[in-house]
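Peer 1: Dropping in data15.txt, which is compact mmCIF, C-alpha atoms and all ligand atoms:
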# COMPACT_ATOMS: atom_id res chain seq x y z
CA MET A 1 -5.48 29.82 23.96
CA LYS A 2 -2.24 30.39 22.13
CA PRO A 3 0.76 29.40 24.26
CA THR A 4 3.15 32.23 24.96
CA ILE A 5 6.80 31.54 24.45
CA ALA A 6 9.06 33.29 26.88
CA PRO A 7 12.00 35.13 25.40
CA PHE A 8 15.56 33.92 25.81
CA PRO A 9 17.03 33.25 28.32
CA ALA A 10 13.87 32.33 30.27
CA ALA A 11 13.10 29.91 27.45
CA ARG A 12 15.99 27.71 26.44
CA PRO A 13 14.50 25.11 24.07
CA ARG A 14 17.65 23.02 24.41
CA ARG A 15 16.65 22.27 28.03
CA MET A 16 14.06 19.90 26.55
CA ARG A 17 16.62 18.09 24.40
CA GLN A 18 19.25 17.46 27.05
CA SER A 19 18.91 13.68 27.51
CA PRO A 20 17.17 10.62 26.11
CA ALA A 21 14.84 10.66 29.12
CA ILE A 22 13.70 14.24 28.56
CA ARG A 23 13.47 13.82 24.80
CA GLY A 24 11.28 10.76 25.38
CA LEU A 25 9.07 12.72 27.76
CA VAL A 26 8.33 15.45 25.24
CA ARG A 27 8.18 13.29 22.11
CA GLU A 28 5.02 14.02 20.12
CA ASN A 29 4.79 11.01 17.81
CA VAL A 30 5.53 7.33 18.17
CA LEU A 31 6.02 4.67 15.53
CA SER A 32 4.97 1.20 16.60
CA THR A 33 4.74 -2.22 14.99
CA SER A 34 0.94 -1.90 14.94
CA ASP A 35 1.30 0.95 12.40
CA LEU A 36 2.79 -1.36 9.77
CA ILE A 37 1.25 -3.00 6.72
CA TRP A 38 3.73 -5.20 4.85
CA PRO A 39 3.39 -5.36 1.03
CA VAL A 40 4.67 -8.67 -0.35
CA PHE A 41 5.09 -10.26 -3.79
CA VAL A 42 3.87 -13.77 -4.45
CA ARG A 43 4.85 -16.04 -7.34
CA GLU A 44 4.23 -19.59 -8.54
CA GLY A 45 6.17 -22.60 -7.32
CA THR A 46 7.10 -24.21 -4.02
CA GLY A 47 10.00 -23.28 -1.83
CA VAL A 48 10.90 -20.40 -4.12
CA GLU A 49 12.29 -17.12 -2.87
CA GLU A 50 13.76 -14.87 -5.55
CA PRO A 51 15.14 -11.36 -5.10
CA VAL A 52 13.66 -8.37 -6.92
CA PRO A 53 16.74 -6.68 -8.44
CA SER A 54 15.39 -3.11 -8.32
CA MET A 55 14.30 -3.53 -4.68
CA PRO A 56 17.32 -4.81 -2.70
CA GLY A 57 16.14 -6.93 0.24
CA VAL A 58 12.69 -7.62 -1.26
CA MET A 59 11.70 -11.11 -2.41
CA ARG A 60 9.08 -12.74 -4.56
CA ARG A 61 7.95 -15.81 -2.64
CA SER A 62 5.94 -18.85 -3.54
CA VAL A 63 2.66 -19.38 -1.66
CA ASP A 64 4.14 -21.75 0.94
CA LEU A 65 6.92 -19.30 1.81
CA ILE A 66 4.56 -16.30 1.86
CA ALA A 67 2.49 -18.07 4.49
CA LYS A 68 5.61 -18.73 6.53
CA ALA A 69 6.81 -15.13 6.16
CA ALA A 70 3.37 -13.86 7.16
CA LYS A 71 3.46 -15.90 10.36
CA GLU A 72 6.91 -14.53 11.20
CA ALA A 73 5.76 -10.97 10.49
CA TYR A 74 2.69 -11.37 12.68
CA ASP A 75 4.89 -12.72 15.47
CA LEU A 76 6.98 -9.55 15.14
CA GLY A 77 3.81 -7.51 15.79
CA ILE A 78 2.91 -6.58 12.19
CA PRO A 79 -0.90 -6.66 12.03
CA ALA A 80 -1.44 -6.72 8.28
CA ILE A 81 0.05 -7.98 5.04
CA CYS A 82 -0.79 -6.81 1.53
CA LEU A 83 -0.49 -9.23 -1.40
CA PHE A 84 0.71 -8.51 -4.93
CA PRO A 85 0.95 -11.33 -7.46
CA TYR A 86 3.69 -11.77 -10.03
CA THR A 87 1.59 -13.09 -12.87
CA GLU A 88 3.12 -15.39 -15.46
CA PRO A 89 3.04 -13.74 -18.91
CA ASN A 90 0.86 -16.52 -20.38
CA LEU A 91 -1.93 -15.62 -17.91
CA LYS A 92 -2.11 -12.01 -19.09
CA THR A 93 -4.99 -11.55 -21.50
CA GLU A 94 -7.15 -8.81 -22.95
CA ASP A 95 -10.21 -9.92 -20.94
CA CYS A 96 -8.15 -10.21 -17.70
CA ALA A 97 -10.17 -13.29 -16.66
CA GLU A 98 -7.41 -14.52 -14.36
CA ALA A 99 -8.18 -11.55 -12.09
CA TRP A 100 -11.37 -13.14 -10.75
CA ASN A 101 -10.29 -16.78 -10.97
CA PRO A 102 -11.06 -18.12 -7.45
CA ASP A 103 -7.85 -20.16 -7.64
CA ASN A 104 -5.51 -17.53 -9.00
CA LEU A 105 -2.17 -17.03 -7.31
CA SER A 106 -3.33 -14.16 -5.14
CA ASN A 107 -6.43 -16.00 -3.91
CA ARG A 108 -4.41 -19.13 -3.13
CA ALA A 109 -1.99 -16.98 -1.16
CA ILE A 110 -4.86 -15.39 0.80
CA ARG A 111 -6.09 -18.84 1.82
CA ALA A 112 -2.61 -20.05 2.73
CA ILE A 113 -1.97 -17.01 4.94
CA LYS A 114 -5.37 -17.25 6.64
CA ASP A 115 -4.63 -20.94 7.32
CA ALA A 116 -1.17 -20.25 8.72
CA VAL A 117 -2.01 -17.14 10.73
CA PRO A 118 -5.77 -16.47 10.93
CA GLU A 119 -5.31 -13.48 13.25
CA MET A 120 -3.38 -11.51 10.66
CA ALA A 121 -5.31 -9.05 8.48
CA VAL A 122 -4.87 -9.84 4.80
CA MET A 123 -5.17 -6.97 2.37
CA THR A 124 -5.44 -7.36 -1.39
CA ASP A 125 -4.86 -5.27 -4.48
CA VAL A 126 -7.78 -4.66 -6.81
CA ALA A 127 -6.73 -3.54 -10.29
CA LEU A 128 -6.39 -5.35 -13.58
CA ASP A 129 -2.76 -4.54 -14.33
CA PRO A 130 -1.17 -7.85 -13.25
CA TYR A 131 -3.58 -9.68 -15.57
CA ASN A 132 -3.83 -7.23 -18.43
CA ILE A 133 -1.90 -7.90 -21.62
CA ASN A 134 -1.17 -4.16 -21.92
CA GLY A 135 -0.33 -3.54 -18.24
CA HIS A 136 -3.18 -1.13 -17.55
CA ASP A 137 -5.41 -1.08 -14.48
CA GLY A 138 -8.52 -1.04 -16.67
CA PHE A 139 -9.73 -2.53 -19.94
CA VAL A 140 -8.37 -0.83 -23.02
CA VAL A 141 -10.82 -0.37 -25.87
CA GLU A 142 -9.59 1.40 -28.99
CA GLY A 143 -6.73 2.94 -27.06
CA GLU A 144 -8.96 4.24 -24.20
CA ILE A 145 -9.21 2.96 -20.64
CA VAL A 146 -12.91 2.26 -20.26
CA ASN A 147 -14.37 2.93 -16.84
CA ASP A 148 -17.68 1.20 -16.24
CA ARG A 149 -16.84 -2.15 -17.77
CA THR A 150 -13.65 -2.13 -15.73
CA VAL A 151 -15.64 -1.50 -12.54
CA GLU A 152 -17.77 -4.58 -13.28
CA ALA A 153 -14.59 -6.67 -13.55
CA LEU A 154 -13.15 -5.14 -10.37
CA VAL A 155 -16.32 -6.14 -8.52
CA LYS A 156 -15.87 -9.75 -9.64
CA MET A 157 -12.25 -9.59 -8.52
CA THR A 158 -13.27 -8.15 -5.14
CA LEU A 159 -15.82 -10.89 -4.53
CA ALA A 160 -13.32 -13.63 -5.39
CA GLN A 161 -10.85 -12.12 -2.90
CA ALA A 162 -13.50 -11.83 -0.18
CA GLU A 163 -14.51 -15.47 -0.78
CA ALA A 164 -10.86 -16.48 -0.41
CA GLY A 165 -10.81 -14.81 3.02
CA ALA A 166 -9.42 -11.32 2.44
CA ASP A 167 -10.07 -8.93 5.32
CA ILE A 168 -9.24 -5.66 3.60
CA ILE A 169 -9.89 -4.94 -0.08
CA GLY A 170 -7.42 -2.46 -1.57
CA PRO A 171 -8.68 -0.93 -4.81
CA SER A 172 -5.65 0.68 -6.50
CA ASP A 173 -7.23 1.12 -9.94
CA MET A 174 -8.51 4.73 -9.72
CA MET A 175 -11.66 4.08 -11.79
CA ASP A 176 -14.68 6.25 -11.02
CA GLY A 177 -17.46 4.69 -8.95
CA ARG A 178 -15.57 1.54 -7.96
CA ILE A 179 -15.89 1.90 -4.19
CA GLY A 180 -19.68 2.16 -4.24
CA ALA A 181 -19.97 -0.80 -6.59
CA MET A 182 -17.61 -2.94 -4.49
CA ARG A 183 -19.33 -2.06 -1.22
CA ALA A 184 -22.76 -2.89 -2.62
CA ALA A 185 -21.53 -6.21 -4.00
CA LEU A 186 -19.80 -7.14 -0.74
CA GLU A 187 -22.95 -6.33 1.23
CA SER A 188 -25.26 -8.36 -0.96
CA ALA A 189 -22.86 -11.33 -0.95
CA GLY A 190 -22.81 -11.41 2.86
CA HIS A 191 -19.33 -9.92 3.27
CA GLN A 192 -20.38 -7.10 5.60
CA ARG A 193 -17.24 -7.67 7.66
CA VAL A 194 -14.83 -7.10 4.76
CA MET A 195 -13.23 -3.63 4.82
CA ILE A 196 -12.23 -1.34 1.97
CA LEU A 197 -8.98 0.58 2.20
CA SER A 198 -9.25 2.80 -0.84
CA TYR A 199 -6.22 4.01 -2.74
CA ALA A 200 -8.19 7.25 -2.83
CA ALA A 201 -5.44 9.69 -3.71
CA LYS A 202 -3.18 7.76 -6.01
CA TYR A 203 -0.89 9.85 -8.16
CA ALA A 204 0.49 9.09 -11.63
CA SER A 205 3.95 8.66 -10.19
CA ALA A 206 7.33 7.66 -11.55
CA PHE A 207 8.09 6.20 -8.13
CA TYR A 208 6.21 2.97 -9.03
CA GLY A 209 8.95 1.81 -11.41
CA PRO A 210 10.55 -0.92 -9.28
CA PHE A 211 7.10 -2.29 -8.32
CA ARG A 212 6.24 -2.80 -11.97
CA ASP A 213 9.44 -4.87 -12.27
CA ALA A 214 8.48 -6.84 -9.16
CA VAL A 215 5.07 -7.84 -10.52
CA GLY A 216 6.32 -8.26 -14.08
CA ALA A 217 4.21 -5.40 -15.48
CA SER A 218 6.95 -3.07 -16.75
CA GLY A 219 7.39 -4.88 -20.04
CA ALA A 220 3.65 -5.07 -20.59
CA LEU A 221 2.70 -1.44 -19.98
CA THR A 222 1.93 0.59 -23.07
CA GLY A 223 1.69 4.34 -22.59
CA ASP A 224 1.11 5.93 -19.19
CA LYS A 225 -1.60 5.94 -16.51
CA ASN A 226 -2.31 9.66 -16.65
CA THR A 227 -5.99 9.35 -17.61
CA TYR A 228 -6.85 7.61 -14.34
CA GLN A 229 -4.11 8.28 -11.77
CA MET A 230 -3.87 11.83 -10.41
CA ASP A 231 -1.73 14.70 -11.61
CA PRO A 232 1.12 15.27 -9.08
CA ALA A 233 0.41 19.00 -9.32
CA ASN A 234 -2.99 18.70 -7.60
CA SER A 235 -3.95 18.68 -3.95
CA ASN A 236 -7.56 19.93 -3.73
CA GLU A 237 -8.45 17.16 -6.14
CA ALA A 238 -7.03 14.62 -3.67
CA LEU A 239 -9.43 15.84 -0.99
CA ARG A 240 -12.36 15.53 -3.39
CA MET A 241 -11.29 11.97 -4.25
CA ILE A 242 -11.05 11.06 -0.60
CA GLU A 243 -14.44 12.57 0.22
CA ARG A 244 -15.99 10.74 -2.70
CA ASP A 245 -14.53 7.37 -1.66
CA LEU A 246 -15.66 7.88 1.94
CA ASN A 247 -19.17 8.70 0.73
CA GLU A 248 -19.17 5.54 -1.36
CA GLY A 249 -18.26 3.40 1.64
CA ALA A 250 -14.47 3.30 2.04
CA ASP A 251 -13.53 2.44 5.64
CA MET A 252 -9.97 3.74 5.35
CA VAL A 253 -8.10 5.81 2.81
CA MET A 254 -4.60 5.81 1.39
CA ILE A 255 -2.29 8.41 -0.08
CA LYS A 256 0.24 7.09 -2.57
CA PRO A 257 3.19 7.62 -2.97
CA GLY A 258 4.10 8.64 0.54
CA MET A 259 7.06 10.90 1.18
CA PRO A 260 6.55 13.29 -1.78
CA TYR A 261 2.87 13.68 -0.72
CA LEU A 262 3.06 14.28 3.03
CA ASP A 263 1.08 17.52 2.58
CA ILE A 264 -1.83 15.42 1.27
CA CYS A 265 -1.60 13.11 4.28
CA ARG A 266 -1.81 16.05 6.65
CA ARG A 267 -4.70 17.72 4.81
CA THR A 268 -6.61 14.43 4.68
CA LYS A 269 -6.27 13.81 8.39
CA ASP A 270 -7.15 17.39 9.28
CA THR A 271 -10.15 17.53 6.94
CA PHE A 272 -11.75 14.13 7.51
CA GLY A 273 -10.19 12.61 10.64
CA VAL A 274 -10.60 9.13 9.20
CA PRO A 275 -8.14 6.21 9.30
CA THR A 276 -5.43 7.45 6.94
CA TYR A 277 -2.55 5.44 5.49
CA ALA A 278 0.40 6.27 3.30
CA TYR A 279 2.13 3.91 0.90
CA GLN A 280 5.89 4.27 1.00
CA VAL A 281 6.18 2.94 -2.53
CA SER A 282 8.80 0.87 -4.30
CA GLY A 283 10.71 3.87 -5.67
CA GLU A 284 10.99 5.46 -2.23
CA TYR A 285 12.28 2.16 -0.89
CA ALA A 286 14.70 1.69 -3.80
CA MET A 287 16.06 5.22 -3.43
CA ILE A 288 16.91 4.68 0.21
CA GLN A 289 18.41 1.23 -0.40
CA ALA A 290 20.53 2.50 -3.30
CA ALA A 291 22.04 5.25 -1.17
CA VAL A 292 22.61 2.80 1.69
CA GLN A 293 24.36 0.33 -0.63
CA ASN A 294 26.67 3.13 -1.72
CA GLY A 295 27.47 3.95 1.89
CA TRP A 296 25.92 7.41 1.48
CA LEU A 297 23.15 7.05 4.08
CA ASP A 298 22.72 5.24 7.37
CA GLY A 299 20.01 2.72 6.46
CA GLU A 300 18.41 2.17 9.86
CA LYS A 301 18.26 5.84 10.74
CA VAL A 302 16.90 6.94 7.39
CA MET A 303 14.30 4.17 7.41
CA MET A 304 13.05 5.16 10.86
CA GLU A 305 13.07 8.87 10.06
CA SER A 306 11.19 8.34 6.79
CA LEU A 307 8.50 6.36 8.61
CA MET A 308 8.22 8.80 11.50
CA ALA A 309 7.45 11.48 8.91
CA PHE A 310 4.18 9.66 8.11
CA LYS A 311 3.14 9.64 11.76
CA ARG A 312 3.96 13.33 12.05
CA ALA A 313 1.90 14.01 8.91
CA GLY A 314 -1.13 12.44 10.59
CA CYS A 315 -1.10 8.91 9.21
CA ASP A 316 -2.43 6.05 11.30
CA GLY A 317 -0.19 3.61 9.52
CA VAL A 318 2.03 2.99 6.57
CA LEU A 319 2.50 0.35 3.91
CA THR A 320 6.23 -0.22 3.76
CA TYR A 321 8.60 -2.82 2.34
CA PHE A 322 10.72 -2.13 5.42
CA ALA A 323 8.02 -3.54 7.74
CA PRO A 324 9.83 -6.65 9.09
CA THR A 325 13.14 -4.79 9.45
CA VAL A 326 11.44 -1.93 11.31
CA ALA A 327 9.51 -4.34 13.51
CA ARG A 328 12.71 -6.14 14.50
CA LEU A 329 14.31 -2.83 15.33
CA LEU A 330 11.33 -1.59 17.35
CA ASN A 331 11.21 -4.88 19.25
CA GLY A 332 14.86 -4.36 20.20
C1 LIG B 1 -1.16 -1.31 -9.51
C2 LIG B 1 -0.33 -0.88 -8.34
C3 LIG B 1 0.86 -0.17 -8.42
C4 LIG B 1 1.37 -0.08 -7.12
C5 LIG B 1 0.46 -0.73 -6.27
N1 LIG B 1 -0.59 -1.20 -7.04
C6 LIG B 1 1.59 0.37 -9.60
C7 LIG B 1 0.90 1.19 -10.58
O1 LIG B 1 -0.14 1.81 -10.33
O2 LIG B 1 1.41 1.23 -11.70
C8 LIG B 1 2.68 0.55 -6.77
C9 LIG B 1 3.30 0.18 -5.49
C10 LIG B 1 4.74 0.54 -5.36
O3 LIG B 1 5.33 1.21 -6.22
O4 LIG B 1 5.34 0.12 -4.36
N2 LIG B 1 -2.47 -1.08 -9.51
Please rewrite the model in this file as structure tokens.
Peer 2:
Amino acid sequence: MKPTIAPFPAARPRRMRQSPAIRGLVRENVLSTSDLIWPVFVREGTGVEEPVPSMPGVMRRSVDLIAKAAKEAYDLGIPAICLFPYTEPNLKTEDCAEAWNPDNLSNRAIRAIKDAVPEMAVMTDVALDPYNINGHDGFVVEGEIVNDRTVEALVKMTLAQAEAGADIIGPSDMMDGRIGAMRAALESAGHQRVMILSYAAKYASAFYGPFRDAVGASGALTGDKNTYQMDPANSNEALRMIERDLNEGADMVMIKPGMPYLDICRRTKDTFGVPTYAYQVSGEYAMIQAAVQNGWLDGEKVMMESLMAFKRAGCDGVLTYFAPTVARLLNG
């Protein structure tokens, strides 16, 4: 039944906005610490914490300090952390072998976090770009990103991460058929418990710029990612990608970037009703921080409003570099 809205003055919508108590009573969406996944950057060394210039407030941390930061984040109520390695240039090769090295930086960080705070969910990134000499998410053969050989490598990478103790595998590569291949490999290796949060609708976005600085991939990247990441002009395609990944065994799906793609979040939730996440990416974060540094925006308010938008659009959670700051604020 469609609700009828009485005409003015019987209906005075402002009656419902008159005080914090009444506004709280009628509030439709809530952001809580359990909605947050914190993306972090890990680097070599001990006791190292270095700022990422294009992402004010974000650090690259050595493994020991990542473990410590993870514990603090979990204590703030953040349930999950997502790891991205800053790979030393000498480890970037054409065959990307470092990607499935059981002792690579990312896998060492997984183990350190699981040791320090076993209750926290550790999510990984599956894509070749941190390890690829040319900065691409897949192997490049004669100028083309090859799909099936890349998927074989991504499977090896996935298994190494699962062995290291990852709880959630996050394929961000956008190759065809990767989810099915990863799920099958995880099952036959006894990792039935390990989840896949697929970057199902990942757009070829200019908002990833600061991230590529953070992981040291900007210098390496030749060309663009338009033959595997999605065209920002498309939305039906996003739904097909999500359906495909769900059919192949994804447990959860992600839309990325976040704020420019809220329509995709809403359509995904309405169409499939599955656990849906948005990635508030590095460029969205950098934009807000730049305006705040100039005194043009109120940082706390804009941060909270930008995150509430994801809840309103139907997301169950959001990957955000603001996670610890938000959690502190929500905890009062
Ligand atoms: C790489 C990857 C990217 C991001 C997450 N994983 C960048 C890219 O696809 O070039 C971007 C995250 C962000 O911008 O915060 N597979």
Peer 1: Per residue of chain A within 10 Å of ligand LIG 1 (chain B), record the nearest atom pair and its distance in Å to one decimal, counting all atoms listed in the file, with rows in chain order and ascending residue number, as CSV.
Peer 2:
residue,atom,partner,partner_atom,distance
A:Pro39,CA,B:LIG1,O4,7.9
A:Val40,CA,B:LIG1,O4,9.7
A:Met55,CA,B:LIG1,O4,9.7
A:Cys82,CA,B:LIG1,C5,10.0
A:Leu83,CA,B:LIG1,N1,9.8
A:Phe84,CA,B:LIG1,N1,7.7
A:Thr124,CA,B:LIG1,N1,9.7
A:Asp125,CA,B:LIG1,N1,6.4
A:Val126,CA,B:LIG1,N2,7.0
A:Ala127,CA,B:LIG1,N2,5.0
A:Leu128,CA,B:LIG1,N2,7.1
A:Asp129,CA,B:LIG1,N2,5.9
A:Pro130,CA,B:LIG1,C1,7.5
A:Gly135,CA,B:LIG1,O2,8.3
A:His136,CA,B:LIG1,O2,7.8
A:Asp137,CA,B:LIG1,N2,5.8
A:Gly138,CA,B:LIG1,N2,9.4
A:Gly170,CA,B:LIG1,N1,8.8
A:Pro171,CA,B:LIG1,N2,7.8
A:Ser172,CA,B:LIG1,N2,4.7
A:Asp173,CA,B:LIG1,N2,5.3
A:Met174,CA,B:LIG1,N2,8.4
A:Tyr199,CA,B:LIG1,N1,8.8
A:Lys202,CA,B:LIG1,O1,8.0
A:Tyr203,CA,B:LIG1,O1,8.4
A:Ala204,CA,B:LIG1,O1,7.4
A:Ser205,CA,B:LIG1,O1,8.0
A:Ala206,CA,B:LIG1,O3,8.6
A:Phe207,CA,B:LIG1,O3,6.0
A:Tyr208,CA,B:LIG1,O3,3.4
A:Gly209,CA,B:LIG1,O3,6.4
A:Pro210,CA,B:LIG1,O3,6.4
A:Phe211,CA,B:LIG1,O3,4.4
A:Arg212,CA,B:LIG1,C6,6.1
A:Asp213,CA,B:LIG1,O3,9.5
A:Ala214,CA,B:LIG1,O4,9.0
A:Val215,CA,B:LIG1,C6,9.0
A:Ala217,CA,B:LIG1,O2,8.1
A:Ser218,CA,B:LIG1,O2,8.6
A:Leu221,CA,B:LIG1,O2,8.8
A:Asp224,CA,B:LIG1,O2,8.8
A:Lys225,CA,B:LIG1,O2,7.4
A:Tyr228,CA,B:LIG1,O1,9.7
A:Gln229,CA,B:LIG1,O1,7.7
A:Lys256,CA,B:LIG1,C9,8.1
A:Pro257,CA,B:LIG1,O3,7.5
A:Gly258,CA,B:LIG1,O4,9.9
A:Tyr279,CA,B:LIG1,O4,7.2
A:Gln280,CA,B:LIG1,O4,6.8
A:Val281,CA,B:LIG1,O4,3.5
A:Ser282,CA,B:LIG1,O4,3.5
A:Gly283,CA,B:LIG1,O3,6.0
A:Glu284,CA,B:LIG1,O4,8.1
A:Tyr285,CA,B:LIG1,O4,8.0
A:Ala286,CA,B:LIG1,O4,9.5
A:Leu319,CA,B:LIG1,O4,8.7
A:Thr320,CA,B:LIG1,O4,8.2
A:Tyr321,CA,B:LIG1,O4,8.0
Peer 1: Could you turn the residues from that selection into a file that holds C-alpha atoms, as a PDB file, keeping the file's coordinate frame?
Peer 2:
ATOM      1  CA  PRO A  39       3.390  -5.360   1.030  1.00  0.00           C
ATOM      2  CA  VAL A  40       4.670  -8.670  -0.350  1.00  0.00           C
ATOM      3  CA  MET A  55      14.300  -3.530  -4.680  1.00  0.00           C
ATOM      4  CA  CYS A  82      -0.790  -6.810   1.530  1.00  0.00           C
ATOM      5  CA  LEU A  83      -0.490  -9.230  -1.400  1.00  0.00           C
ATOM      6  CA  PHE A  84       0.710  -8.510  -4.930  1.00  0.00           C
ATOM      7  CA  THR A 124      -5.440  -7.360  -1.390  1.00  0.00           C
ATOM      8  CA  ASP A 125      -4.860  -5.270  -4.480  1.00  0.00           C
ATOM      9  CA  VAL A 126      -7.780  -4.660  -6.810  1.00  0.00           C
ATOM     10  CA  ALA A 127      -6.730  -3.540 -10.290  1.00  0.00           C
ATOM     11  CA  LEU A 128      -6.390  -5.350 -13.580  1.00  0.00           C
ATOM     12  CA  ASP A 129      -2.760  -4.540 -14.330  1.00  0.00           C
ATOM     13  CA  PRO A 130      -1.170  -7.850 -13.250  1.00  0.00           C
ATOM     14  CA  GLY A 135      -0.330  -3.540 -18.240  1.00  0.00           C
ATOM     15  CA  HIS A 136      -3.180  -1.130 -17.550  1.00  0.00           C
ATOM     16  CA  ASP A 137      -5.410  -1.080 -14.480  1.00  0.00           C
ATOM     17  CA  GLY A 138      -8.520  -1.040 -16.670  1.00  0.00           C
ATOM     18  CA  GLY A 170      -7.420  -2.460  -1.570  1.00  0.00           C
ATOM     19  CA  PRO A 171      -8.680  -0.930  -4.810  1.00  0.00           C
ATOM     20  CA  SER A 172      -5.650   0.680  -6.500  1.00  0.00           C
ATOM     21  CA  ASP A 173      -7.230   1.120  -9.940  1.00  0.00           C
ATOM     22  CA  MET A 174      -8.510   4.730  -9.720  1.00  0.00           C
ATOM     23  CA  TYR A 199      -6.220   4.010  -2.740  1.00  0.00           C
ATOM     24  CA  LYS A 202      -3.180   7.760  -6.010  1.00  0.00           C
ATOM     25  CA  TYR A 203      -0.890   9.850  -8.160  1.00  0.00           C
ATOM     26  CA  ALA A 204       0.490   9.090 -11.630  1.00  0.00           C
ATOM     27  CA  SER A 205       3.950   8.660 -10.190  1.00  0.00           C
ATOM     28  CA  ALA A 206       7.330   7.660 -11.550  1.00  0.00           C
ATOM     29  CA  PHE A 207       8.090   6.200  -8.130  1.00  0.00           C
ATOM     30  CA  TYR A 208       6.210   2.970  -9.030  1.00  0.00           C
ATOM     31  CA  GLY A 209       8.950   1.810 -11.410  1.00  0.00           C
ATOM     32  CA  PRO A 210      10.550  -0.920  -9.280  1.00  0.00           C
ATOM     33  CA  PHE A 211       7.100  -2.290  -8.320  1.00  0.00           C
ATOM     34  CA  ARG A 212       6.240  -2.800 -11.970  1.00  0.00           C
ATOM     35  CA  ASP A 213       9.440  -4.870 -12.270  1.00  0.00           C
ATOM     36  CA  ALA A 214       8.480  -6.840  -9.160  1.00  0.00           C
ATOM     37  CA  VAL A 215       5.070  -7.840 -10.520  1.00  0.00           C
ATOM     38  CA  ALA A 217       4.210  -5.400 -15.480  1.00  0.00           C
ATOM     39  CA  SER A 218       6.950  -3.070 -16.750  1.00  0.00           C
ATOM     40  CA  LEU A 221       2.700  -1.440 -19.980  1.00  0.00           C
ATOM     41  CA  ASP A 224       1.110   5.930 -19.190  1.00  0.00           C
ATOM     42  CA  LYS A 225      -1.600   5.940 -16.510  1.00  0.00           C
ATOM     43  CA  TYR A 228      -6.850   7.610 -14.340  1.00  0.00           C
ATOM     44  CA  GLN A 229      -4.110   8.280 -11.770  1.00  0.00           C
ATOM     45  CA  LYS A 256       0.240   7.090  -2.570  1.00  0.00           C
ATOM     46  CA  PRO A 257       3.190   7.620  -2.970  1.00  0.00           C
ATOM     47  CA  GLY A 258       4.100   8.640   0.540  1.00  0.00           C
ATOM     48  CA  TYR A 279       2.130   3.910   0.900  1.00  0.00           C
ATOM     49  CA  GLN A 280       5.890   4.270   1.000  1.00  0.00           C
ATOM     50  CA  VAL A 281       6.180   2.940  -2.530  1.00  0.00           C
ATOM     51  CA  SER A 282       8.800   0.870  -4.300  1.00  0.00           C
ATOM     52  CA  GLY A 283      10.710   3.870  -5.670  1.00  0.00           C
ATOM     53  CA  GLU A 284      10.990   5.460  -2.230  1.00  0.00           C
ATOM     54  CA  TYR A 285      12.280   2.160  -0.890  1.00  0.00           C
ATOM     55  CA  ALA A 286      14.700   1.690  -3.800  1.00  0.00           C
ATOM     56  CA  LEU A 319       2.500   0.350   3.910  1.00  0.00           C
ATOM     57  CA  THR A 320       6.230  -0.220   3.760  1.00  0.00           C
ATOM     58  CA  TYR A 321       8.600  -2.820   2.340  1.00  0.00           C
TER      59      TYR A 321
END
Peer 1: Report, in Å with one decimal, the straight-line distance from atom CA of Ala112 of chain A to atom CA of Asp64 of chain A.
Peer 2: 7.2 Å
Peer 1: Find, counting only C-alpha atoms, the residue in A:Trp100, A:Tyr131, A:Trp38, A:Phe310 that gets nearest to Arg266 of chain A.
Peer 2: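 Between A:Trp100, A:Tyr131, A:Trp38, A:Phe310, the residue approaching Arg266 of chain A most closely is A:Phe310.
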Peer 1: I'd like to know which of A:Ile133, A:Met16, A:Val42, A:Ile264 is closest to Arg61 of chain A, using only C-alpha atoms.
Peer 2: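 Result for the nearest residue to Arg61 of chain A: A:Val42.
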Peer 1: Which centre and edge lengths in Å to one decimal define the box along x, y and z that fits every listed atom of segment 112-131 of chain A plus 3 Å per side, as AutoDock Vina command-line options?
Peer 2:
--center_x -4.5 --center_y -12.2 --center_z -1.2 --size_x 12.6 --size_y 23.4 --size_z 34.8
Peer 1: Give me, please, the distance in Å between atom CA of Met304 of chain A and atom CA of Leu31 of chain A, quoted to one decimal.
Peer 2: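 Separating atom CA of Met304 of chain A from atom CA of Leu31 of chain A is a distance of 8.5 Å.
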Peer 1: Find the residue from A:Ala80, A:Ala162, A:Leu297, A:Cys265 that sits nearest to Tyr277 of chain A; use only C-alpha atoms when measuring.
Peer 2: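 Distance minimum relative to Tyr277 of chain A lands on A:Cys265.
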Peer 1: Residues around (-5.1, -19.4, 5.2), cut-off 12 Å, counting all atoms listed in the file - what are they as a list of chain:residue names?
Peer 2: A:Val63, A:Asp64, A:Ile66, A:Ala67, A:Lys68, A:Ala70, A:Lys71, A:Ser106, A:Asn107, A:Arg108, A:Ala109, A:Ile110, A:Arg111, A:Ala112, A:Ile113, A:Lys114, A:Asp115, A:Ala116, A:Val117, A:Pro118, A:Glu119, A:Met120, A:Ala121, A:Val122, A:Glu163, A:Ala164, A:Gly165, A:Ala166, A:Asp167
Peer 1: Tell me which protein, DNA and RNA residues are within 8 Å of Leu239 of chain A, counting only C-alpha atoms, leaving out same-chain ones fewer than 5 positions away, and put them as a list of chain:residue names.
Peer 2: A:Ala201, A:Ile264, A:Arg267, A:Thr268
Peer 1: Between A:His191, A:Lys301, A:Arg14, A:Arg183, single out the one closest to Leu246 of chain A, counting all atoms listed in the file.
Peer 2: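 Of A:His191, A:Lys301, A:Arg14, A:Arg183, the one nearest Leu246 of chain A is A:Arg183, counting all atoms listed in the file.
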Peer 1: Identify the residues within 12 Å of coordinate (12.2, -5.5, 13.4) (same frame as the file), considering only C-alpha atoms, and give the answer as a list in words.
Peer 2: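 Here the neighbourhood of the point contains Ser32, Thr33, Ser34, Leu36, Glu72, Ala73, Tyr74, Asp75, Leu76, Gly77, Ile78, Glu300, Met303, Met304, Tyr321, Phe322, Ala323, Pro324, Thr325, Val326, Ala327, Arg328, Leu329, Leu330, Asn331 and Gly332 of chain A.
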